[in-house]
Every structure is written in structure tokens, then in C-alpha cells.
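Colleague: I am attaching a structure below and will ask some questions about it afterwards.
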Amino acid sequence: MEPLPRYEPNAALRWLYRRFFDAIEVDERWVETVRAAAARGTVVYALRNLSLLDFLALDHLTKRYHLPEVRFANDLGLWILEPFGKGMQRLFRPHTRQDDRADLRAAVEAGASAALFLKRPPLLVTRPTTGRGQLEGDDFVRELLELQRASETPIILVPQLFLWTRRPDRRERSLVDAFIGTREWPSSLRAAGQFLSNYEDARVLAGEPLDLREVVGEEPTTSDVMVRRTIYVLLRRLERERRVVVGPVVKPVDRLIDEVVRTPRVRKVIEELAGDGRAERIFFEAKARAMLREAAASIEPDVIRAIATAMRQVFHRIYDGLEVDEEGVKRLAEAAKTGTLVLLPSHKSHVDYLFVSYVLFSAGMQVPLIAAGDNLSFFPLGSLFRRAGAFFIRRKFQDDRLYQAVLDAYVHKVVQEGFPIEFFLEGGRSRTGKLLPPKLGLLAMVVDAALERATSEATTKPIYFVPISIGYERVVETKSYVRELSGGDKEKESVAGLVKALRVLAERYGRVNMQIGEILTLDAVRADLEQDRAAAGRSSFVPRKALVARLGHQIMYEIDRATAVTGGALAALGLLSQQGRGVRREDVELRCDLLLEDLRRKGARIQRGVQGPKGEFSRKALDESLALFASAGWIEIDAGEGDDAVYVVPDERRLSLDISKNSVGHFFVPYGLIVVAVGEGGVVPMKTVRDRVQHLSRLFKYEFIFRADATFETIFEETLAELVEQGVVKAGAEGPERRTGQGRSGSDPAGLVAADPRRAALYAATVAAPIEGYQVAARTLRNLRKGAVLPKDFVKKGLALGKRMFLSGEIARREAIQRPFLENAILAFADLGIVERREQKLVLAQTFGTIEAVKAVERRIAGFSPRNPGGAGAEEPEVGP
């Protein structure tokens, strides 16, 4: 057989191709997909939209990456300039459709590759269209199916997508669109314009290959249905790739507002509020539209690109490194092909939403719509954020039925349209470095939209809930957080605050990382709940409220589980686990080595550079973390020779380090609860240890995120087994005596005793500050005997009292004196029946109305303190339910 001609551009064109096409961002999966297909059979590149530019780019990239080169392309319309050596033939005789099919057959039979364009863009000046583009590839697909039927060599259709612009398509069509095509279906002219204005941001993607042997199967003939089904599958796979990058079709904001206002849920509320009055209905409808204009996002790709460019400069200026879970981002991209993403990051800084959008934009994915507090809608940031995808939500709207309905309908609308959305399940930023308990209001709206979608025949796309952990070695807002934790007021966001924020550019903040947790679906969460309910002998029906609650807590747990361990967090924990003023270098190294060993055993994600060659904590990472803390003024270094250096944490700086420490403390909290329950005072009966840990778990319900997929008994047994295996605790003698406030009691089952004081002290350090903080809260309860107190006044009194207790030596840790401990303690005390709320004020429950009962609450909490000489259980009266 005569060799097929090879297209070779002249020198000038080759220079132009290199100048522009080399700038195309090539997804490594594209190269891998094409090579894998070529290893299996003959590759045919399937492109959606007829475009000479796409052909030229494909030809250049296949040669550049040594992939199967194109020997045929349909309908390029170049006449005598046809690139495969038959231009002169076309000068003397017309070229027919049959000739094109023969050329395709010759190329494939020779084992060469071809480029197959499936559709022509629908233009006003061309013949009428079928569907969203004119059919061009039917004859050629039929030819390929016939070839596959007669050949044993697989013919692999590899969908190819060139994206010359990241601008989404618009619902409305203009006169210009009629002549040069839409953004979604551009003509060659529009594609060239898109490319020239965006070529540095252009990219090529590959869809899932289609093996024609699977299509042909056992069917004896190639029917029209088979041809159309093949084209449909290819177009659908191409559209999936396209939607990951550009997202769904965008409607004008006014049209979106009009559709939201006309939804049944909003109309119902308007009718109920307005009654029969026409003027009232007009008033409330106008009010609903004003609410939506105040809230709705108005995405502009140019603004997103400009912000991404600016953030690239800022991040590289203030951070020593950006670490991204690349495999997790790939999982996100795959999920986005088949469903709608709901991104749920941890919230420790205003940097969070900027960083998530920057990572997704850099990965070639659509930037999500972001739920933001209306405190960020001030000029000029409000307008900028709105165009970058933010929609603004009022902080408080529980008493506004119309606003609730409007927000609910808006969230439903954007989810149903397929836009990825992002919101912070914690509600606001965590000032402590720990995750906050989930706020379920907005999540419930999304769950309702997901349930509504599941019952709709319009779409079968699932909604994916994506836990995301964002970690910092040093949080940008640490100074303001310390002020707020110590009782200061939060500064309102403003232009003046924005100007002050520019100061962060003068400092360094270590590394920042983003990790993607296990992606959740409602079906999976519901199945787990049904299994739990069946095991408990209850009905398998899962109420909506229970589903939302389980989902919310499971997301928070997955965020904690996905958190990457940073060198700064480990170093902070190593420093704060010292009870004295200073700690030697060798002690910090040893503690960090022990902690890192535990984290590896748990399968925790560890930031690059943290581990040394033998699995130890890298001394370079430790040096960098200590230098970061020293530059921030968090530690003082008494430099000695070699390992003789001593690090001192000033009392007023311990809270800053505590914020860094808390990003990894959750890994050790279950260990810490058991360790402080066992204490240092000898053998403790197993039942007593279990009861103490359960009491602490209830007490710290609002302080830590515990597993939502297992019972307390399961978690306790698994954690205890790990501690015994590590030798931290061990079984004591059978029949030990237990010390109580009433003297000694008889025999109990076999008990536990501390066996490794060094590790035990490390684990206890993760819960030491909360124990002392709640001890301060328990002491503050005495003020309630004088009368009812507002929660904010209780906190204020507690902070002042905590300072006196620290100065007098009753508590040892300055970081125990912080507002969240007191606020969470109020909630826990209410759950335990110690306090009640009456007319928004706190009062002691009747059972705890005496000074003896209040003191008993404090003694029980203080008995768990690692510095308590008697250890857990010393003078431990039974109080509370």
C-alpha cells in the first residue's frame, strides 16, 4: 500500500505554531489517554466542532508529544490547500463525500490516525440545524463502525476538546452569535479570536475513549440508531470535560432573579404575607427582588482571572510554599464530570476562599459560587467578590420569612442549574485553630435541593459533598484572633481594615496546604444511618433532620481526618507540652519524633518535608518552624551550643502557638481523654475509666469533633486498644480499690494504669488547656448564685477570673483563658443540666443551687487536670446527670 502523505507546514507556519500552540496547557492525562489508546489499537481523534484551528493545534501537539499523527480530517474545506497531498487533484475534479469516506478507510486500514469532526457550528448563514449543531460526522462514524466489524484491530475513538476560552456560554443569543457562532459552538473565525486573546490560557483535554468493538458487539448490521448512539456518547463525554472547566450556561442576573421570585416557595410566602391586597403583593415581590440583587453573584471570568493572577503574586510573597492534594483535585475533576460539587472547606482565615478558588482555577476547573457573609459586601471588595462568584448572606435572618424563602430558592436554583457552590459549614472563622461545630442551616437547603433533584426526572446527576481541609503553619489573622480570644471585640470589616491588612505582605507565614477528604453523597450517608438504625432495632426510615445532622458531622470529621500535619503544628505541640518556662532543643525533637510516629501509624497525611530520611521529624523542618515562631515573637531562644538551646514561650504568646498546635491536636484528643481519665494515681477500674471518658466526651461536645460513624463504646474500645498496644497504659491488678469522696469501695473489674509517662504527658497536653478552661467556667458558675447573668457577662467575668486563677497558680496554662472555652462550657453545662436559660439569661439549675454543688462541678473537672497531684478521680463526687 502506498504510504499515506504526512502534513508538514512550511517554516513560517512552523514558527507560528510553536509561538502559539506551545503555550497550550496540555493535561498530562491527555497524553496518557492517547498513548494508552494507541497501545490498544488504531486511534481516531473525535472533536465536537468543525474547526481548522483545532485541526492545526491537534496536528502540532501530536507531533510534539510523539503521539499517533493525523492522516485524515473531514470537512476542512480547504480545497486545493487540503493538507494531505491531494490538493492538486481537487483542482481538476470535484471531491465528493464518497471520496472522503474512502480516504478515511484508507487511513484507518493502514493503521494511521484520523481527526473526525462530529458537528458544524449552527450559523445563520448556513443550512438549518439539527439539535445544537449541524450533523457532520454521521457518514464517517458509520464507515468506522463498518471497518471495526471487518477488522480484529480495535478502533479507539478518543474525544478531544480544545478550550480556547474559559468564558461560559450565555443563554441569550446575539446577532454576532448568529454569524460567528456561540462560545459553546464557535465558528473558525470566533475560535481564532478566542485563541488569539486567550492562547496562554488555552488547554486541551481528553474524554473517556470509546472502543468501537463494544459498540458493534454482536449486532449484525450498522443501524442509524447505532450511529446516532455512538455520536451521542462521544458528544456527552466531550461535554463532561467542557463543563468541568467552564461550568453550566450562565443566565443574566435579572433573568435568574425573575425565575427565583416565580418559584412556588417564594410565591407562597409572598401570598401569605400580602394576603388579598394587590399592592401588598407588588411590594413584597419588589422586596424579594431587592433581596436577591443584594445577594446574587454575578460572575465575570476576567475578574476571576485578574484575582487569580494577583493571588499568585501574594501567595508566593507571604508563604514559603503552597501544597495541594493533587490526587484529591483529580478526584474533584472526575466528580464534576458526573455531578454537582458542594465544596465545604475548613474556615480558619479569610485566605481560605481565595486559596480554594485559586487552586481550582489553576487546575483548570470552574470556580465555585461562594456563600459569603454580608459583612464582606462593603465597597470595593463587595463588588469584586460578587464578580468572582460570591453571593452574600445576612448574618441573622431567622425572623424574616421572606428572606429565608428567597435564600432557599436561590440556593435551590444554582444547585439545580449545576453550579458548584462553596460554603463554610462552621459558619464563621475558627479563632482557635480547631474546627467549630457545624451550622446546618445552609447545608439543609442544599440537602433539600439534592433530595428534590433525586426525585426529578429532569436530571439524574448526583450532588457531591466535598470536605476540604486548609492548613496554615501561621494564620495571617493570628494577632486579631488572640485579641478576640482574650476578650477583645471583633473589628468590623471596612476599607480602613482592608488598608491595614496590606501589612501582611511584609511578613512570612510558613506553608499553606489544601487537602481533599473523602467525597460524600447523600445515598452513602443515608445507607450508613439506615444500618445504624437497623442495628439498634429501629425503623430504617431516616428523617431529613437526622440525615442533615449526620452529614454535617461526617463532613467535619472528614475535614479533620484529611488535615495535613505541618511542621509548625508539630513544633507548637512539642513546645506547649512543657509545663515549665523553657524547653530544651533535644526535648522538642524527641516529642516531635514521638508524635510523628503516632501520626504515621494513624495514616495521617503529612506535609512534604516534615519527615526525615528515617521517618523522624526533619530537623530542617523544625528549624524552619522555630525560626518562623521566633520571627513572629512567639518564642524566645536562649542559644547554646548545638542541642543546648532552650526555647521559652512567653505567657502572653502561648495563645498564638495554641492556634497553630490545634490544627493537629484532634489526632490525639481521644488518646488524651483516656490518659487523663487513668491519671497518675495507680490502678483505675475499667468501668471508672469508661465513665470518666464518656463524661469528658459529653463535656467537650462543643470543643472537639468526634466521629459520627461509630458509637462511644466502639471509639473507646478502639482507642484503648491502640494505647495498650503502644504501651502507654496497661492492665492493672485484678480487683483494685477505687478512691472516691466516700472512702474506699470493694472490688471492681480489672483496671488500667499509666505505663509510659512520656507519651502520656504528650497526649494529655492536647486536652490540658480545655480542662483548665472549663475549670475556670465552673468557678464562674458561683456568680450565678447572686442572680441571672447574660451569657456575654458570664464570659467577661470568666476571663477576668481566669487571669486571677492563672496568676495565683490555680491553673498553669495561659492559653486556657479564652472566650471559646467559656462559651462552649455554657452550652455543655446546659446539656448536662447544670445551668438553664431564662429570658436569654443564665441561671443555675435547681439541683446545683448550692455552693457545695457548684464547687463539686469544679472539683470534678479539675481532677482531670494533668497537673493535679492525685490524678483523675481524686475527690471525684458524682454530680450531674
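Chain labels run A, B, ... following the order of the C-alpha cells; each chain numbers its residues from 1, and ligands are numbered from 1 in the order shown.
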Compile a residue-level contact table for region 230-294 of chain A against region 202-222 of chain A at a cut-off of 8 Å, reporting for every qualifying residue the shortest atom pair and its distance in Å to one decimal, with only C-alpha atoms counted, rows ordered by chain and ascending number, as a tab-separated table.
Modeller:
residue	atom	partner	partner_atom	distance
A:Thr230	CA	A:Val215	CA	7.3
A:Leu234	CA	A:Leu210	CA	7.7
A:Arg237	CA	A:Gly207	CA	5.6
A:Leu238	CA	A:Gly207	CA	5.8
A:Arg240	CA	A:Gly207	CA	7.9
A:Glu241	CA	A:Gly207	CA	6.4
Colleague: Could you dump the residues just selected with N, CA and C atoms as a short mmCIF file (atom, residue, chain, number, x, y, z; two decimals), in the first residue's frame?
Modeller:
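Done, and the output landed in again24.cif:
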data_model
loop_
_atom_site.label_atom_id
_atom_site.label_comp_id
_atom_site.auth_asym_id
_atom_site.auth_seq_id
_atom_site.Cartn_x
_atom_site.Cartn_y
_atom_site.Cartn_z
N THR A 230 -23.60 6.32 19.01
CA THR A 230 -22.14 6.50 19.11
C THR A 230 -21.78 7.98 19.16
N LEU A 234 -20.10 10.17 22.36
CA LEU A 234 -18.89 10.99 22.20
C LEU A 234 -19.16 12.44 22.60
N ARG A 237 -19.43 12.78 26.38
CA ARG A 237 -18.13 12.72 27.06
C ARG A 237 -17.34 14.01 26.86
N LEU A 238 -17.48 14.60 25.70
CA LEU A 238 -16.82 15.89 25.47
C LEU A 238 -17.45 16.99 26.33
N ARG A 240 -18.91 16.65 29.19
CA ARG A 240 -18.48 16.48 30.58
C ARG A 240 -17.15 17.17 30.83
N GLU A 241 -16.22 17.00 29.92
CA GLU A 241 -14.91 17.64 30.09
C GLU A 241 -15.05 19.16 30.03
#
Colleague: Kindly indicate which residue among A:Asp138, A:Glu839, A:Glu25, A:Asp75 lies nearest to Ala57 (chain A), using only C-alpha atoms for the distances.
Modeller: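 Counting only C-alpha atoms, the residue closest to Ala57 (chain A) is A:Glu25.
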Colleague: Within 8 Å of region 269-286 of chain A, counting only C-alpha atoms, which residues show up once you throw out same-chain ones fewer than 4 positions away? Write them as JSON, numbers by chain, please.
Modeller: {"A": [261, 265, 290, 401, 402, 405]}
Colleague: Quick one: residues within 9 Å of Leu723 (chain A), only C-alpha atoms, excluding same-chain residues fewer than 5 positions away - as a PDB file with N, CA and C atoms, in the first residue's frame?
Modeller:
ATOM      1  N   TYR A 671      -6.807   9.907  72.602  1.00  0.00           N
ATOM      2  CA  TYR A 671      -5.763   9.398  73.492  1.00  0.00           C
ATOM      3  C   TYR A 671      -5.730  10.217  74.779  1.00  0.00           C
ATOM      4  N   ILE A 674      -8.478   9.448  77.434  1.00  0.00           N
ATOM      5  CA  ILE A 674      -8.254   8.219  78.204  1.00  0.00           C
ATOM      6  C   ILE A 674      -7.090   8.399  79.175  1.00  0.00           C
ATOM      7  N   VAL A 675      -6.030   9.061  78.738  1.00  0.00           N
ATOM      8  CA  VAL A 675      -4.856   9.251  79.591  1.00  0.00           C
ATOM      9  C   VAL A 675      -5.220  10.050  80.836  1.00  0.00           C
ATOM     10  N   GLU A 718     -11.604   0.933  70.567  1.00  0.00           N
ATOM     11  CA  GLU A 718     -10.545   1.013  69.557  1.00  0.00           C
ATOM     12  C   GLU A 718      -9.389   1.880  70.039  1.00  0.00           C
ATOM     13  N   VAL A 728       1.254   2.731  76.351  1.00  0.00           N
ATOM     14  CA  VAL A 728       1.013   3.968  77.081  1.00  0.00           C
ATOM     15  C   VAL A 728       0.264   3.680  78.379  1.00  0.00           C
ATOM     16  N   VAL A 729      -0.716   2.747  78.314  1.00  0.00           N
ATOM     17  CA  VAL A 729      -1.396   2.261  79.508  1.00  0.00           C
ATOM     18  C   VAL A 729      -1.366   0.738  79.458  1.00  0.00           C
ATOM     19  N   LYS A 730      -1.570   0.135  80.591  1.00  0.00           N
ATOM     20  CA  LYS A 730      -1.603  -1.321  80.645  1.00  0.00           C
ATOM     21  C   LYS A 730      -2.606  -1.758  81.695  1.00  0.00           C
TER      22      LYS A 730
END
Colleague: Which residues of region 308-401 of chain A come within 9 Å of region 556-578 of chain A, and for each one, what is the closest pair of atoms and their distance in Å to one decimal, counting only C-alpha atoms, sorted by chain and residue number, as a tab-separated table?
Modeller:
residue	atom	partner	partner_atom	distance
A:Leu344	CA	A:Ile559	CA	8.6
A:Pro345	CA	A:Ile559	CA	7.6
A:Ser346	CA	A:Ile559	CA	6.9
Colleague: Quick one: write out the picked residues with all heavy atoms as a compact mmCIF listing (two decimals), in the first residue's frame?
Modeller:
# COMPACT_ATOMS: atom_id res chain seq x y z
N LEU A 344 -16.85 22.19 50.84
CA LEU A 344 -17.04 22.52 52.26
C LEU A 344 -15.68 22.58 52.95
O LEU A 344 -15.25 21.63 53.60
CB LEU A 344 -17.94 21.46 52.91
CG LEU A 344 -19.33 21.38 52.26
CD1 LEU A 344 -19.93 20.00 52.43
CD2 LEU A 344 -20.25 22.44 52.84
N PRO A 345 -14.99 23.72 52.83
CA PRO A 345 -13.65 23.84 53.43
C PRO A 345 -13.72 24.17 54.92
O PRO A 345 -14.72 24.69 55.42
CB PRO A 345 -13.02 25.02 52.66
CG PRO A 345 -14.00 25.41 51.60
CD PRO A 345 -15.34 24.90 52.03
N SER A 346 -12.63 23.85 55.61
CA SER A 346 -12.46 24.38 56.96
C SER A 346 -12.30 25.89 56.85
O SER A 346 -11.95 26.41 55.78
CB SER A 346 -11.24 23.75 57.62
OG SER A 346 -10.06 23.98 56.85
Colleague: Excluding Ser377 (chain A) and residues on its chain fewer than 4 positions from it, collect all residues at most 12 Å away from it, counting only C-alpha atoms, and give them as a list in words.
Modeller: Glu294, Ala295, Ala296, Ala297, Ala371, Ala372, Gly373, Leu381, Gly382, Ser383, Leu384, Phe385, Arg386, Arg387, Ala390, Phe391, Phe392, Ile393, Arg394, Arg395, Lys492, Glu493, Ser494 and Val495 of chain A
Colleague: My list of candidates is A:Lys330, A:Lys687, A:Arg779, A:Arg474. Which is closest to Gly751 (chain A) when distances are computed with only C-alpha atoms?
Modeller: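 Among the listed residues, the smallest separation from Gly751 (chain A) belongs to A:Lys687.
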Colleague: Run DSSP on the backbone of this structure and report the residues of region 409-637 of chain A it assigns to alpha helix (DSSP H), as a PyMOL selection string.
Modeller: chain A and resi 409-417+441-454+478-485+495-501+522-535+544-562+567-576+585-602+619-631
Colleague: Please, which residues of region 349-574 of chain A, numbered as in this document, come out strand (DSSP E) from DSSP, as a list in words?
Modeller: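 Matching residues for strand (DSSP E) in region 349-574 of chain A are Leu369, Ile370, Ala371, Ala372, Gly373, Ala390, Phe391, Phe392, Ile393, Ile421, Glu422, Ile463, Tyr464, Phe465, Val466, Pro467, Ile468, Ser469, Ile470, Gly471, Tyr472, Arg511, Val512, Asn513, Met514, Gln515, Ile516, Ala564 and Val565 of chain A.
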Colleague: Include N, CA and C atoms and write out the residues we just selected as a JSON list (two decimals), in the first residue's frame.
Modeller:
[["chain", "number", "residue", "atom", "x", "y", "z"],
["A", 369, "LEU", "N", -19.45, 29.17, 43.12],
["A", 369, "LEU", "CA", -20.17, 30.26, 43.79],
["A", 369, "LEU", "C", -19.93, 30.10, 45.29],
["A", 370, "ILE", "N", -19.59, 31.19, 45.97],
["A", 370, "ILE", "CA", -19.17, 31.11, 47.36],
["A", 370, "ILE", "C", -20.14, 31.88, 48.24],
["A", 371, "ALA", "N", -20.68, 31.19, 49.26],
["A", 371, "ALA", "CA", -21.53, 31.87, 50.23],
["A", 371, "ALA", "C", -20.66, 32.70, 51.16],
["A", 372, "ALA", "N", -20.89, 34.01, 51.17],
["A", 372, "ALA", "CA", -20.09, 34.92, 51.99],
["A", 372, "ALA", "C", -21.01, 35.73, 52.89],
["A", 373, "GLY", "N", -20.52, 36.08, 54.06],
["A", 373, "GLY", "CA", -21.30, 36.94, 54.96],
["A", 373, "GLY", "C", -21.45, 38.33, 54.38],
["A", 390, "ALA", "N", -18.99, 35.33, 44.55],
["A", 390, "ALA", "CA", -19.56, 35.36, 45.90],
["A", 390, "ALA", "C", -21.04, 35.73, 45.85],
["A", 391, "PHE", "N", -21.85, 35.03, 46.65],
["A", 391, "PHE", "CA", -23.22, 35.50, 46.92],
["A", 391, "PHE", "C", -23.31, 35.74, 48.42],
["A", 392, "PHE", "N", -23.93, 36.86, 48.78],
["A", 392, "PHE", "CA", -23.85, 37.36, 50.15],
["A", 392, "PHE", "C", -25.10, 36.99, 50.95],
["A", 393, "ILE", "N", -24.85, 36.54, 52.18],
["A", 393, "ILE", "CA", -25.93, 36.10, 53.06],
["A", 393, "ILE", "C", -25.90, 36.93, 54.34],
["A", 421, "ILE", "N", -20.95, 25.04, 44.33],
["A", 421, "ILE", "CA", -21.04, 26.07, 45.35],
["A", 421, "ILE", "C", -20.10, 25.72, 46.49],
["A", 422, "GLU", "N", -19.75, 26.74, 47.24],
["A", 422, "GLU", "CA", -18.82, 26.58, 48.36],
["A", 422, "GLU", "C", -19.36, 27.37, 49.55],
["A", 463, "ILE", "N", -25.28, 14.99, 43.69],
["A", 463, "ILE", "CA", -24.60, 16.11, 44.33],
["A", 463, "ILE", "C", -23.53, 15.54, 45.23],
["A", 464, "TYR", "N", -22.30, 16.01, 45.06],
["A", 464, "TYR", "CA", -21.17, 15.51, 45.84],
["A", 464, "TYR", "C", -20.79, 16.54, 46.91],
["A", 465, "PHE", "N", -20.69, 16.08, 48.14],
["A", 465, "PHE", "CA", -20.29, 16.94, 49.26],
["A", 465, "PHE", "C", -18.80, 16.69, 49.52],
["A", 466, "VAL", "N", -18.01, 17.76, 49.41],
["A", 466, "VAL", "CA", -16.55, 17.63, 49.38],
["A", 466, "VAL", "C", -15.93, 18.29, 50.61],
["A", 467, "PRO", "N", -15.48, 17.50, 51.59],
["A", 467, "PRO", "CA", -14.76, 18.08, 52.74],
["A", 467, "PRO", "C", -13.36, 18.52, 52.31],
["A", 468, "ILE", "N", -12.98, 19.73, 52.69],
["A", 468, "ILE", "CA", -11.67, 20.27, 52.33],
["A", 468, "ILE", "C", -11.01, 20.82, 53.58],
["A", 469, "SER", "N", -9.78, 20.41, 53.81],
["A", 469, "SER", "CA", -9.00, 20.93, 54.94],
["A", 469, "SER", "C", -7.95, 21.89, 54.42],
["A", 470, "ILE", "N", -7.93, 23.08, 54.99],
["A", 470, "ILE", "CA", -6.91, 24.08, 54.65],
["A", 470, "ILE", "C", -6.09, 24.34, 55.90],
["A", 471, "GLY", "N", -4.79, 24.13, 55.80],
["A", 471, "GLY", "CA", -3.93, 24.25, 56.97],
["A", 471, "GLY", "C", -2.85, 25.30, 56.79],
["A", 472, "TYR", "N", -2.54, 25.98, 57.88],
["A", 472, "TYR", "CA", -1.53, 27.04, 57.87],
["A", 472, "TYR", "C", -0.54, 26.79, 59.01],
["A", 511, "ARG", "N", 4.11, 27.65, 55.48],
["A", 511, "ARG", "CA", 3.47, 26.95, 54.37],
["A", 511, "ARG", "C", 1.96, 26.89, 54.57],
["A", 512, "VAL", "N", 1.27, 26.75, 53.44],
["A", 512, "VAL", "CA", -0.18, 26.56, 53.45],
["A", 512, "VAL", "C", -0.48, 25.34, 52.61],
["A", 513, "ASN", "N", -1.47, 24.56, 53.01],
["A", 513, "ASN", "CA", -1.79, 23.36, 52.25],
["A", 513, "ASN", "C", -3.30, 23.17, 52.17],
["A", 514, "MET", "N", -3.71, 22.45, 51.14],
["A", 514, "MET", "CA", -5.13, 22.14, 50.92],
["A", 514, "MET", "C", -5.26, 20.65, 50.64],
["A", 515, "GLN", "N", -6.10, 19.98, 51.42],
["A", 515, "GLN", "CA", -6.31, 18.55, 51.29],
["A", 515, "GLN", "C", -7.78, 18.26, 51.04],
["A", 516, "ILE", "N", -8.07, 17.30, 50.16],
["A", 516, "ILE", "CA", -9.44, 16.91, 49.84],
["A", 516, "ILE", "C", -9.77, 15.64, 50.60],
["A", 564, "ALA", "N", -3.61, 17.90, 56.86],
["A", 564, "ALA", "CA", -2.19, 17.56, 56.71],
["A", 564, "ALA", "C", -1.42, 18.06, 57.92],
["A", 565, "VAL", "N", -0.50, 17.23, 58.38],
["A", 565, "VAL", "CA", 0.34, 17.58, 59.53],
["A", 565, "VAL", "C", 1.46, 18.49, 59.06]]
